[in-house]
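Novice: First the structure, then my questions, so here it is.
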Amino acid sequence: MTTTPQAARRASPRKRRPVTPTAPDPTVGLLPQNDPVRLLDPDGTLLPARADYPEPSVEALREMYRRMVVGRRFDAQATALTKQGRLAVYPSSRGQEACQVGGVLALRYDDWVFPTYRESMALTARGIDPVEVLTLLRGDWHCGYDPARQRTAPQCTPLATQCVHAAGLAYGESYQGRDTVALVYIGDGATSEGDFHEGVNFAAVFKAPVVYFVQNNRYAISVPLSRQTAAPSLAHKGVGYGVPSEQVDGNDPMAVLAVLTRAVAHARAGKGPFLVEAHTYRMEAHTNADDATRYRDADEVEAWRDRDPVARLETYLRGRDVLDDAAVAEIAEQAETYAARLRERMNGQPTVDPLSLFDHVYAEPTAQLVEQREQVRAELAAAAEGDA
Amino acid sequence: MTTTPQAARRASPRKRRPVTPTAPDPTVGLLPQNDPVRLLDPDGTLLPARADYPEPSVEALREMYRRMVVGRRFDAQATALTKQGRLAVYPSSRGQEACQVGGVLALRYDDWVFPTYRESMALTARGIDPVEVLTLLRGDWHCGYDPARQRTAPQCTPLATQCVHAAGLAYGESYQGRDTVALVYIGDGATSEGDFHEGVNFAAVFKAPVVYFVQNNRYAISVPLSRQTAAPSLAHKGVGYGVPSEQVDGNDPMAVLAVLTRAVAHARAGKGPFLVEAHTYRMEAHTNADDATRYRDADEVEAWRDRDPVARLETYLRGRDVLDDAAVAEIAEQAETYAARLRERMNGQPTVDPLSLFDHVYAEPTAQLVEQREQVRAELAAAAEGDA
Amino acid sequence: MATTMATALNAALADAMLADERVLVFGEDVGQLGGVFRITDGLQARFGDKRCFDTPLAEAGIVGFAVGLAMSGLRPVVEMQFDAFAYPAFEQIASHVAKLRNRTRGALSVPMVIRVPYAGGIGGVEHHCDSSEAYYAHTPGLKVVTPSTVDDAYSLLREAIDDPDPVVFMEPKKLYFAGAETVLPARTEPFGRAVVRRPGRDATLVAYGPAVPVALDAAEAARDEGWDLEVVDVRTIVPFDDATVAASVRRTGRCVVVQEAQGFAGVGAEIAARVQERCFHALHAPVLRVCGLDIPYPAPMLEHTHLPSVDRVLDAVARLQWDDQPDRRWLTEGSAA
Amino acid sequence: MATTMATALNAALADAMLADERVLVFGEDVGQLGGVFRITDGLQARFGDKRCFDTPLAEAGIVGFAVGLAMSGLRPVVEMQFDAFAYPAFEQIASHVAKLRNRTRGALSVPMVIRVPYAGGIGGVEHHCDSSEAYYAHTPGLKVVTPSTVDDAYSLLREAIDDPDPVVFMEPKKLYFAGAETVLPARTEPFGRAVVRRPGRDATLVAYGPAVPVALDAAEAARDEGWDLEVVDVRTIVPFDDATVAASVRRTGRCVVVQEAQGFAGVGAEIAARVQERCFHALHAPVLRVCGLDIPYPAPMLEHTHLPSVDRVLDAVARLQWDDQPDRRWLTEGSAA
Ligand SMILES: Cc1ncc(C[n+]2csc(CCOP(=O)(O)OP(=O)(O)O)c2C)c(N)n1
Ligand SMILES: Cc1ncc(C[n+]2csc(CCOP(=O)(O)OP(=O)(O)O)c2C)c(N)n1
Ligand SMILES: [Mg+2]
Ligand SMILES: [Mg+2]
């Protein structure tokens, strides 16, 4: 049989009854707001109050300010230590203080943090000994602090891999009846990795209490965000996992704290993960070893100076009369003391026992490792004899 | 300085000027519609016309019907071949005929298809020799057809990995000035893999002309969709990559063809990738080796029988008077002939030269492989002698 | 009735879950379905869907999730559905599972088991038959275990789950349904101990996992040729039992290593290197290897050409210089110092 | 002025791009920045951002994208930023890059180069110093190449880009800025040929990549001990040059393999196994190995303990039984057939 043109052209017998009414919009509560949440203007003035994000208490903000100032000073000190050869390398987070400090301030002491290499400031703000934080970068061992005691995973270098660990840890905690939340720091670039996808998805499917906190500082080393994604925002990835998300002005300390506080509360309440994208900027190069002038203009950096999170919060707190010159000076002094003490303690080469290389590969070294340890021991003995 | 409660409670000096007006909704054109696109009711009646998806021509639909009928017969034949021991294993796509055929019908002959193990029907519908398609499952070699000539990648088993290849291929084609489109078949389960994320993202960033076509048949082997994602739909993943997306009733052949035709046109026009999720159902077990009764109810399967895509299209075409009993019988006969010829050709064991194992590891075998080939050759000679 | 390796593995999982409620079993299709090889059959019904459950389809996710669970104090046992499908998890395994204890000076440990059904001989299509043990064995921080007997399947898996370190537990698929008369629970030699499966005086065959039955068959067939072959089953590739292997080779003076994986830079190379390092003066012939060919795993119809066979093992044994060829060392002595 | 390996690699990329417009160079930070080691410096400026470009940060994506580009007829050269950061791409490399030609009986090929800056000695933090060559060398279908000289860096990279097969091109980071007097373009021996870097009579040191300078230094130092050592640079691990290595060992009668990677089941094991298989009667001593320790790569302050050193090589050479110890074979002869 062949189709006659007439038959083909004949009006089709259309269904007359109306189509099933459209289902309710399934993205409600999942999509981020179009604009990053902002509570403080870049000049420090308070914006109109909003119902979704109540202002954090001034006490909390004052403490945030203090930690940001100390954090910035710590960061500068760490950079200085690279110049003195005390640190092999240091990835600065100057400019990202609101995110660094906001992330840890939103948490309870027994919550977990999953940081990257860039979160040295966050970890010191969490109260971890800065010398232990810098162990990785000084080079005496990999992770210098005790992650179990500090409830802080080792700073993660293989990008995005910690997204999955956090899902497992958070699920494991809730499985064991604990209401711990895990907060994952991750960069804009790392969201392109498969492990970001798998981690957020696992967290969502298992309703694990994780806050994924993307510090979008606009660059992955030299690669700008436009090469990373064509999405309206990184926060828009949330809906694809059924995870509510929000964008926040990452240089607005008040907004960062408010948004993360809500995100953490969401997770703790058993509602599953939450995704936050903070729009911020890395003021320094990727690390001291990087040359940022190769890939970005001085103008761009300059423009971000006007959005400095520390000055912004200071202006606001001064305006609220909860911070005056004396207080600012006192905090600056705390910061100086912190830096001086760090400088001192980083002075001098730590000693590490070469035989410790064999101690933690397994709970008990294998026969092969015992053999290799004996060989190294013999070499060291011979060398000592040679020196003597 | 300590904060006095008074100071803290004092009204904050709020900004008076209104907040920057809200940016336009950035998700416009990216989010899928809430309801899967449907043009034909399950009973075959035409639904009200819609501007976004014009009906495909009846000629195209009649051809689609023909290929679906032949495809279903092919599928049944392949399943039968497993029972006769002619195929090691066969993953059936019965119930998914609209997707299998719609995908290839939406393409030009020189477009590329990136199929999975489940797309045997799609590939035969594309005109690839069914014996070559079944080579993988018969076990004489891996890929039986010539992918370069057929513009069809080898059927992909490592899930989601083909998402990235398609991005590269499509970008490479357009880079070389060709307006080829790549269509990726992928299952619901595989969207959880990191490679799905990386593939779609690469395609979006490089504006590669790829259509990602998710056949959501509700199971990954035994794992139901609810264990795969908490998202409103798989199509909602698109916005996270800046990729427009759509849901479609995967058992509505007309809608599948219409949506894919638009998706392909979008890609070909240089607007980048498009994501389509088809809601469908795998009527058989995962493969003949699987036992689907272990994880799903007969009721569920029954319910989907009423949404049979072949019957649906047949009813519609009959209603349009472009298909009558004679035509249906003629197509059924074509299908029988196709199956009979396949059965015949699959009768008997193919012979494969063991020495060919060394031919394609590299363009030229290495010295080591030459050595191993000589060893095998000697073994074969010895065995032949032993037999003689 | 004979017990199969599959049954033994299933029993080991069940007994471990019973003994320690921190043990969680998860992966793709391990719940309701009981795994594509039914190794987890019945566990979800018995222990509930919080103890044995399906995950999203993502192997890096599965392994990384297990790392997090282990950090929280649990004992995850995950299944990779097939050998080649563990590759997406390679970064998680190599950079995290293997290293976490060491990175943190022991503050965090990862007592987890990654079960990998591996190797061929089952007529599987591509990507379902890889022998991937060398990738793990070459990665410090992992233990790599592979049973060849039903008793070992049970005992080694129980030990793996109890072990404080991460264990990649490689299950030879072709042996899943091979049976043996035994009574479970079985307790065999611990990790780090190879076992002489068949004593012999003339040469040692060293094998593991799917190659052990091949070696045993070859030893049996070798009797016709007048060779009395010893067969050593490595069992735990890491930690490796040098003592048992070297003792055997020192006794026999000859050695053939049999492995199913492609040979180049595989575990068999390590064994050959170790044996000649330790037994040089005892060796009457070089240590030979019978391995899979250095090709991607072939399609079903050609896999018998790829796999180490009894004949190929016997050919290697025949090349072990039985004729007491004169020492030809003088040929090259001139150029030595 | 001396040319560094970094310069030579950069020149090889530029010359290849000039010679063949199908060559595309991409990866993380290779565009505007010119790569974290500046190996791609200036390529984007010179050839435009369609020939040399940055990608999203995803290694499986980069490698898989390259597979697709190769299918479309292009010749991708991708950079993995550091050794351990290639692990996320492991599935793409092992299941696709390595196998595509074979799967399709040659209908599709994957002429691509995966550049991997690898190994340590540069004080890098964790995950930046892995020696991962064995993972690739054990995977049939890949060629694995690693230069140790400036000329080889240029010539082997050019050959890798022209090669019809996928090449994992492993660049020893610590040699990037080592210089040599040379004039580019240089043309050295092709793939599959090892080279005697230093002739010697008493023993052969077999090394590749970052271990070659260590072997050469050891050979120099060995003169004080009265040993005249030959140094063979493997250059291309796959395909491997048995002939050159075996000829050397047959001449010297003694062999030490030096590699930076952890030893267990590494490339050095393969070399040791091959050498004793082929040179058994020429050997006066077992083939010994000097490798990295079987531990995760250590923190900077301890890396010198991990890395093969001149002393450790000399210790191994000293154990090569120079004393003409009596042949103790009789000790075990009793138990042989
Ligand atoms: C898997 C992996 N690939 C590559 C790298 C190398 N690398 C280190 S940091 C970096 C950029 C990360 O950018 P982003 O995620 O935006 O974080 P940021 O450094 O800006 O904080 C890259 C490519 C890595 N650490 N891990
Ligand atoms: C990387 C990887 N992991 C696991 C598997 C094993 N496997 C084969 S098919 C399948 C389920 C796939 O489900 P889906 O993507 O929904 O496709 P469908 O089979 O339903 O068409 C699984 C887990 C695989 N092939 N590849
Ligand atoms: Mg960034
Ligand atoms: Mg499915």
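In the structure tokens, chains take the letters A, B, ... in the order shown, each chain's residues start at 1, and ligands count up from 1 in the order shown.
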Contacts from chain B to chain C, 8 Å maximum, only C-alpha atoms: show me the residue list as a PyMOL selection string.

Specialist: chain B and resi 88+136-137+139-142+157-158+189-194+220-223+227-229+290+294-295+352+354+357-358+361+369+372+376

Novice: May I ask you to extract the residues of chain D within 6 Å of chain C, using only C-alpha atoms, and to give them as an NGL selection string?

Specialist: :D and (87-88 or 91 or 135 or 138 or 140 or 202 or 251-252 or 264-267 or 269-270 or 272-273 or 276-277 or 280-282 or 286 or 294-296 or 329 or 332 or 335-337)

Novice: Near Pro166 (chain D), within 8 Å and counting only C-alpha atoms, which residues show up once chain neighbours fewer than 2 positions away are dropped, as a PyMOL selection string?

Specialist: chain D and resi 97-98+110-114+141-143+160+163-164+168

Novice: Save the residues we just selected, C-alpha atoms, as a PDB file, in the first residue's frame?

Specialist:
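Now in selection.pdb:
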ATOM      1  CA  VAL D  97      42.194   4.728  24.172  1.00  0.00           C
ATOM      2  CA  ALA D  98      44.005   1.409  24.496  1.00  0.00           C
ATOM      3  CA  VAL D 110      43.348   6.632  18.184  1.00  0.00           C
ATOM      4  CA  PRO D 111      46.504   8.435  17.186  1.00  0.00           C
ATOM      5  CA  MET D 112      46.737  10.563  20.285  1.00  0.00           C
ATOM      6  CA  VAL D 113      49.400  11.531  22.763  1.00  0.00           C
ATOM      7  CA  ILE D 114      48.741  11.759  26.475  1.00  0.00           C
ATOM      8  CA  GLY D 141      47.285  -1.152  23.132  1.00  0.00           C
ATOM      9  CA  LEU D 142      49.208   1.734  24.639  1.00  0.00           C
ATOM     10  CA  LYS D 143      52.733   2.709  23.817  1.00  0.00           C
ATOM     11  CA  ALA D 160      54.682  10.028  19.364  1.00  0.00           C
ATOM     12  CA  ASP D 163      52.517   7.537  15.578  1.00  0.00           C
ATOM     13  CA  PRO D 164      49.313   5.837  14.452  1.00  0.00           C
ATOM     14  CA  VAL D 168      51.430   7.793  26.872  1.00  0.00           C
TER      15      VAL D 168
END

Novice: Give me the residues of chain A that have any atom at most 10 Å from an atom of ligand 1; for each, the nearest atom pair and the distance in Å, rounded to one decimal. Use only C-alpha atoms and all ligand atoms, sort by chain and number, and format it as CSV.

Specialist:
residue,atom,partner,partner_atom_place_in_ligand_line,distance
A:Pro91,CA,ligand 1,19 (O),7.7
A:Ser92,CA,ligand 1,21 (O),8.9
A:Ser93,CA,ligand 1,21 (O),7.8
A:Gln96,CA,ligand 1,21 (O),9.5
A:Thr116,CA,ligand 1,21 (O),7.7
A:Tyr117,CA,ligand 1,21 (O),7.8
A:Arg118,CA,ligand 1,21 (O),5.6
A:Glu119,CA,ligand 1,21 (O),8.4
A:Cys156,CA,ligand 1,25 (N),8.1
A:Thr157,CA,ligand 1,25 (N),4.6
A:Pro158,CA,ligand 1,26 (N),3.7
A:Leu159,CA,ligand 1,26 (N),4.1
A:Ala160,CA,ligand 1,1 (C),7.2
A:Thr161,CA,ligand 1,1 (C),7.8
A:Tyr185,CA,ligand 1,21 (O),9.0
A:Ile186,CA,ligand 1,15 (O),6.1
A:Gly187,CA,ligand 1,15 (O),3.3
A:Asp188,CA,ligand 1,16 (O),3.9
A:Gly189,CA,ligand 1,15 (O),3.5
A:Ala190,CA,ligand 1,15 (O),3.8
A:Thr191,CA,ligand 1,15 (O),6.8
A:Ser192,CA,ligand 1,15 (O),8.4
A:Glu193,CA,ligand 1,1 (C),7.4
A:Gly194,CA,ligand 1,1 (C),9.6
A:Asp195,CA,ligand 1,1 (C),9.2
A:Val214,CA,ligand 1,15 (O),8.5
A:Gln215,CA,ligand 1,21 (O),6.9
A:Asn216,CA,ligand 1,16 (O),6.5
A:Asn217,CA,ligand 1,20 (O),5.6
A:Arg218,CA,ligand 1,16 (O),6.7
A:Tyr219,CA,ligand 1,20 (O),5.2
A:Ala220,CA,ligand 1,13 (O),3.2
A:Ile221,CA,ligand 1,11 (C),4.6
A:Ser222,CA,ligand 1,11 (C),7.9
A:Val223,CA,ligand 1,11 (C),8.0
A:Pro224,CA,ligand 1,16 (O),8.6
A:Leu225,CA,ligand 1,16 (O),8.1
A:Gln228,CA,ligand 1,16 (O),9.0
A:Thr280,CA,ligand 1,20 (O),10.0
A:Tyr281,CA,ligand 1,20 (O),8.6
A:Arg282,CA,ligand 1,20 (O),7.1
A:Ala285,CA,ligand 1,19 (O),9.4
A:His286,CA,ligand 1,19 (O),6.1
A:Thr287,CA,ligand 1,19 (O),8.5

Novice: Can you pull out every residue within 9 Å of region 56-70 of chain B, counting only C-alpha atoms, but drop anything in the same chain fewer than 2 positions away, and send it as JSON, numbers by chain?

Specialist: {"A": [3, 8, 9], "B": [53, 54, 72, 73, 74, 75, 97, 98, 100, 101, 102, 105, 121, 124, 125, 253, 254, 255, 257, 258, 261, 309, 310, 313, 314, 317, 320, 322, 323, 328, 331, 332, 334, 335, 336, 338, 339]}

Novice: Find the distance between CA of Pro190 (chain C) and CA of Asp151 (chain C) and write it in Å to one decimal.

Specialist: 12.0 Å

Novice: Mind checking DSSP for region 128-229 of chain A and telling me the strand (DSSP E) residues as JSON, numbers by chain?

Specialist: {"A": [182, 183, 184, 185, 186, 187, 210, 211, 212, 213, 214, 215, 216, 219, 220, 223, 224]}

Novice: Residues as selected, N, CA, C and O atoms, written as a tab-separated table (two decimals), in the first residue's frame, can you do that?

Specialist:
chain	number	residue	atom	x	y	z
A	182	ALA	N	28.26	17.73	57.25
A	182	ALA	CA	29.57	17.86	56.59
A	182	ALA	C	29.53	19.04	55.63
A	182	ALA	O	28.57	19.18	54.87
A	183	LEU	N	30.53	19.89	55.71
A	183	LEU	CA	30.61	21.02	54.78
A	183	LEU	C	31.80	20.80	53.85
A	183	LEU	O	32.93	20.61	54.31
A	184	VAL	N	31.52	20.82	52.55
A	184	VAL	CA	32.55	20.60	51.54
A	184	VAL	C	32.93	21.92	50.91
A	184	VAL	O	32.08	22.62	50.36
A	185	TYR	N	34.18	22.27	50.99
A	185	TYR	CA	34.69	23.39	50.21
A	185	TYR	C	35.12	22.86	48.85
A	185	TYR	O	35.81	21.84	48.77
A	186	ILE	N	34.76	23.55	47.81
A	186	ILE	CA	35.19	23.15	46.48
A	186	ILE	C	35.26	24.39	45.60
A	186	ILE	O	34.53	25.36	45.81
A	187	GLY	N	36.17	24.37	44.62
A	187	GLY	CA	36.33	25.51	43.73
A	187	GLY	C	35.45	25.42	42.50
A	187	GLY	O	34.85	24.38	42.23
A	210	VAL	N	24.91	17.12	53.83
A	210	VAL	CA	26.13	17.76	53.33
A	210	VAL	C	25.80	19.12	52.77
A	210	VAL	O	24.80	19.29	52.05
A	211	VAL	N	26.63	20.10	53.06
A	211	VAL	CA	26.54	21.39	52.38
A	211	VAL	C	27.72	21.46	51.42
A	211	VAL	O	28.87	21.38	51.84
A	212	TYR	N	27.40	21.55	50.14
A	212	TYR	CA	28.44	21.74	49.13
A	212	TYR	C	28.62	23.23	48.92
A	212	TYR	O	27.67	23.92	48.52
A	213	PHE	N	29.79	23.71	49.22
A	213	PHE	CA	30.03	25.16	49.22
A	213	PHE	C	31.07	25.47	48.15
A	213	PHE	O	32.27	25.27	48.35
A	214	VAL	N	30.58	25.95	47.02
A	214	VAL	CA	31.47	26.26	45.90
A	214	VAL	C	31.97	27.69	46.04
A	214	VAL	O	31.19	28.64	46.02
A	215	GLN	N	33.26	27.82	46.20
A	215	GLN	CA	33.86	29.16	46.14
A	215	GLN	C	34.20	29.43	44.69
A	215	GLN	O	35.25	29.02	44.20
A	216	ASN	N	33.32	30.10	44.02
A	216	ASN	CA	33.58	30.46	42.63
A	216	ASN	C	34.43	31.72	42.62
A	216	ASN	O	33.93	32.83	42.70
A	219	TYR	N	38.42	31.54	38.61
A	219	TYR	CA	39.53	30.93	37.89
A	219	TYR	C	39.86	29.56	38.47
A	219	TYR	O	39.76	29.35	39.69
A	220	ALA	N	40.24	28.66	37.59
A	220	ALA	CA	40.87	27.40	37.99
A	220	ALA	C	42.30	27.55	37.49
A	220	ALA	O	42.56	27.45	36.29
A	223	VAL	N	42.35	29.17	34.17
A	223	VAL	CA	41.21	28.95	33.29
A	223	VAL	C	39.97	29.67	33.82
A	223	VAL	O	39.54	29.41	34.94
A	224	PRO	N	39.43	30.58	33.03
A	224	PRO	CA	38.29	31.36	33.51
A	224	PRO	C	37.01	30.54	33.51
A	224	PRO	O	36.90	29.52	32.83

Novice: Please, which residues of region 130-289 of chain B, numbered as in this document, come out alpha helix (DSSP H) from DSSP, as an MDAnalysis selection string?

Specialist: chainID B and resid 130:138 147:150 161:175 194:205 253:266

Novice: Have a look at B:Arg178, B:Lys237, B:His165, B:Arg268 and name the one nearest to chain A; count only C-alpha atoms.

Specialist: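 Distance minimum relative to chain A lands on B:Lys237.
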
Novice: To one decimal place in Å, what is the distance between CA of Tyr176 (chain C) and atom 15 (O, counted along the ligand's line) of ligand 2?

Specialist: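 These atoms are spaced 25.9 Å apart.
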
Novice: Suppose you want the space between CA of Asp306 (chain A) and CA of Leu107 (chain A); what is it in Å?

Specialist: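 Distance between the two atoms: 28.6 Å.
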
Novice: Considering only C-alpha atoms, return as a list in words whatever protein or nucleic-acid residues lie within 7 Å of region 205-209 of chain C, sequence-local ones (same chain, fewer than 4 positions apart) excluded.

Specialist: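 Near region 205-209 of chain C, the qualifying residues are Thr146, Pro147, Ser148, Pro172, Ala215, Leu229, Glu230, Val231, Val232, Asp233, Val234, Arg235, Cys255, Val256, Val257, Val258 and Gln259 of chain C.
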
Novice: So that I have them on file, write out the residues from the current selection with all heavy atoms, as a CSV table (one decimal), in the first residue's frame.

Specialist:
chain,number,residue,atom,x,y,z
C,146,THR,N,43.3,-12.9,46.4
C,146,THR,CA,42.5,-13.6,45.4
C,146,THR,C,42.4,-15.1,45.7
C,146,THR,O,43.4,-15.8,45.6
C,146,THR,CB,43.0,-13.4,44.0
C,146,THR,OG1,42.1,-14.0,43.1
C,146,THR,CG2,44.4,-13.8,43.7
C,147,PRO,N,41.3,-15.6,46.1
C,147,PRO,CA,41.1,-17.0,46.4
C,147,PRO,C,41.0,-17.9,45.2
C,147,PRO,O,40.6,-17.5,44.1
C,147,PRO,CB,39.8,-17.0,47.2
C,147,PRO,CG,39.0,-15.9,46.6
C,147,PRO,CD,40.0,-14.9,46.2
C,148,SER,N,41.4,-19.1,45.3
C,148,SER,CA,41.2,-20.1,44.3
C,148,SER,C,40.4,-21.3,44.7
C,148,SER,O,40.0,-22.1,44.0
C,148,SER,CB,42.6,-20.6,43.7
C,148,SER,OG,43.1,-21.5,44.5
C,172,PRO,N,37.8,-14.7,41.1
C,172,PRO,CA,37.9,-15.3,39.8
C,172,PRO,C,36.5,-15.8,39.4
C,172,PRO,O,36.0,-16.8,39.9
C,172,PRO,CB,38.8,-16.5,39.9
C,172,PRO,CG,39.4,-16.4,41.3
C,172,PRO,CD,38.4,-15.6,42.1
C,215,ALA,N,47.1,-24.6,36.7
C,215,ALA,CA,48.4,-25.1,37.2
C,215,ALA,C,48.2,-26.5,37.8
C,215,ALA,O,49.1,-27.4,37.5
C,215,ALA,CB,49.0,-24.2,38.3
C,229,LEU,N,55.4,-32.1,39.6
C,229,LEU,CA,55.4,-30.6,39.7
C,229,LEU,C,54.7,-30.2,41.0
C,229,LEU,O,53.6,-30.7,41.4
C,229,LEU,CB,54.6,-29.9,38.6
C,229,LEU,CG,55.1,-30.2,37.2
C,229,LEU,CD1,54.4,-29.4,36.1
C,229,LEU,CD2,56.6,-30.0,37.1
C,230,GLU,N,55.3,-29.2,41.7
C,230,GLU,CA,54.7,-28.6,42.9
C,230,GLU,C,53.9,-27.4,42.4
C,230,GLU,O,54.3,-26.7,41.5
C,230,GLU,CB,55.8,-28.2,43.8
C,230,GLU,CG,55.3,-27.6,45.1
C,230,GLU,CD,56.3,-27.9,46.3
C,230,GLU,OE1,56.6,-29.1,46.4
C,230,GLU,OE2,56.6,-27.0,47.0
C,231,VAL,N,52.7,-27.2,43.1
C,231,VAL,CA,51.9,-26.0,42.8
C,231,VAL,C,51.7,-25.2,44.0
C,231,VAL,O,51.2,-25.6,45.0
C,231,VAL,CB,50.5,-26.4,42.2
C,231,VAL,CG1,49.6,-25.2,42.0
C,231,VAL,CG2,50.7,-27.2,40.9
C,232,VAL,N,52.2,-23.9,43.9
C,232,VAL,CA,52.0,-23.0,45.0
C,232,VAL,C,50.9,-22.0,44.6
C,232,VAL,O,51.0,-21.4,43.6
C,232,VAL,CB,53.3,-22.2,45.3
C,232,VAL,CG1,53.1,-21.2,46.4
C,232,VAL,CG2,54.4,-23.2,45.7
C,233,ASP,N,50.0,-21.8,45.5
C,233,ASP,CA,48.9,-20.8,45.3
C,233,ASP,C,49.2,-19.6,46.1
C,233,ASP,O,49.4,-19.7,47.4
C,233,ASP,CB,47.6,-21.5,45.8
C,233,ASP,CG,46.4,-20.5,45.7
C,233,ASP,OD1,46.6,-19.3,45.3
C,233,ASP,OD2,45.2,-21.0,45.9
C,234,VAL,N,49.4,-18.5,45.5
C,234,VAL,CA,49.9,-17.3,46.1
C,234,VAL,C,48.8,-16.7,47.1
C,234,VAL,O,49.2,-16.2,48.2
C,234,VAL,CB,50.2,-16.2,45.0
C,234,VAL,CG1,50.4,-14.8,45.7
C,234,VAL,CG2,51.4,-16.6,44.2
C,235,ARG,N,47.6,-16.8,46.8
C,235,ARG,CA,46.4,-16.4,47.6
C,235,ARG,C,46.4,-14.9,47.9
C,235,ARG,O,45.5,-14.2,47.6
C,235,ARG,CB,46.4,-17.1,49.0
C,235,ARG,CG,46.4,-18.6,48.8
C,235,ARG,CD,46.6,-19.4,50.1
C,235,ARG,NE,45.5,-19.3,51.0
C,235,ARG,CZ,45.5,-18.6,52.1
C,235,ARG,NH1,46.6,-18.0,52.5
C,235,ARG,NH2,44.5,-18.6,52.9
C,255,CYS,N,61.1,-23.2,38.1
C,255,CYS,CA,59.9,-22.4,38.4
C,255,CYS,C,59.2,-21.9,37.2
C,255,CYS,O,59.9,-21.3,36.3
C,255,CYS,CB,60.3,-21.3,39.4
C,255,CYS,SG,58.9,-20.2,39.8
C,256,VAL,N,57.9,-22.1,37.1
C,256,VAL,CA,57.1,-21.4,36.1
C,256,VAL,C,56.0,-20.7,36.8
C,256,VAL,O,55.3,-21.2,37.7
C,256,VAL,CB,56.5,-22.4,35.1
C,256,VAL,CG1,55.5,-21.7,34.1
C,256,VAL,CG2,57.6,-23.2,34.4
C,257,VAL,N,55.8,-19.4,36.4
C,257,VAL,CA,54.8,-18.6,37.0
C,257,VAL,C,53.6,-18.6,36.1
C,257,VAL,O,53.8,-18.4,34.9
C,257,VAL,CB,55.2,-17.1,37.3
C,257,VAL,CG1,54.1,-16.4,38.0
C,257,VAL,CG2,56.5,-17.1,38.1
C,258,VAL,N,52.4,-18.9,36.5
C,258,VAL,CA,51.2,-18.9,35.7
C,258,VAL,C,50.2,-17.8,36.1
C,258,VAL,O,49.9,-17.8,37.3
C,258,VAL,CB,50.5,-20.3,35.7
C,258,VAL,CG1,49.5,-20.4,34.7
C,258,VAL,CG2,51.6,-21.4,35.6
C,259,GLN,N,49.9,-17.0,35.2
C,259,GLN,CA,48.9,-15.9,35.5
C,259,GLN,C,48.0,-15.8,34.3
C,259,GLN,O,48.4,-16.0,33.2
C,259,GLN,CB,49.5,-14.6,35.9
C,259,GLN,CG,49.9,-13.8,34.7
C,259,GLN,CD,50.5,-12.4,35.1
C,259,GLN,OE1,51.0,-12.2,36.2
C,259,GLN,NE2,50.5,-11.5,34.2

Novice: Rank B:Asp308, B:Asp249, B:Glu379, B:Glu277 by their smallest atom-to-atom distance to ligand 4, using only C-alpha atoms and all ligand atoms, and report the top residue only.

Specialist: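 Closest candidate: B:Glu277.
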
Novice: Find the residues near region 36-45 of chain B: any atom within 6 Å, counting only C-alpha atoms, skip ones fewer than 5 places away on the same chain, and give them as a ChimeraX atom specification.

Specialist: /A:15 /B:247-249,255,307,312,315-316

Novice: Show which residues sit within 10 Å of Leu18 (chain D), as a list in words. Count only C-alpha atoms, and ignore same-chain residues fewer than 6 positions away.

Specialist: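 Skipping anything fewer than 6 positions along the chain leaves Ala12, Arg46 and Phe47 of chain D.
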
Novice: Go ahead and save the picked residues with C-alpha atoms, as a PDB file, in the first residue's frame.

Specialist:
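Below is the file that was written, again-v9.pdb:
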ATOM      1  CA  ALA D  12      58.480  19.496  19.386  1.00  0.00           C
ATOM      2  CA  ARG D  46      51.288  31.315  17.710  1.00  0.00           C
ATOM      3  CA  PHE D  47      48.642  28.882  16.496  1.00  0.00           C
TER       4      PHE D  47
END
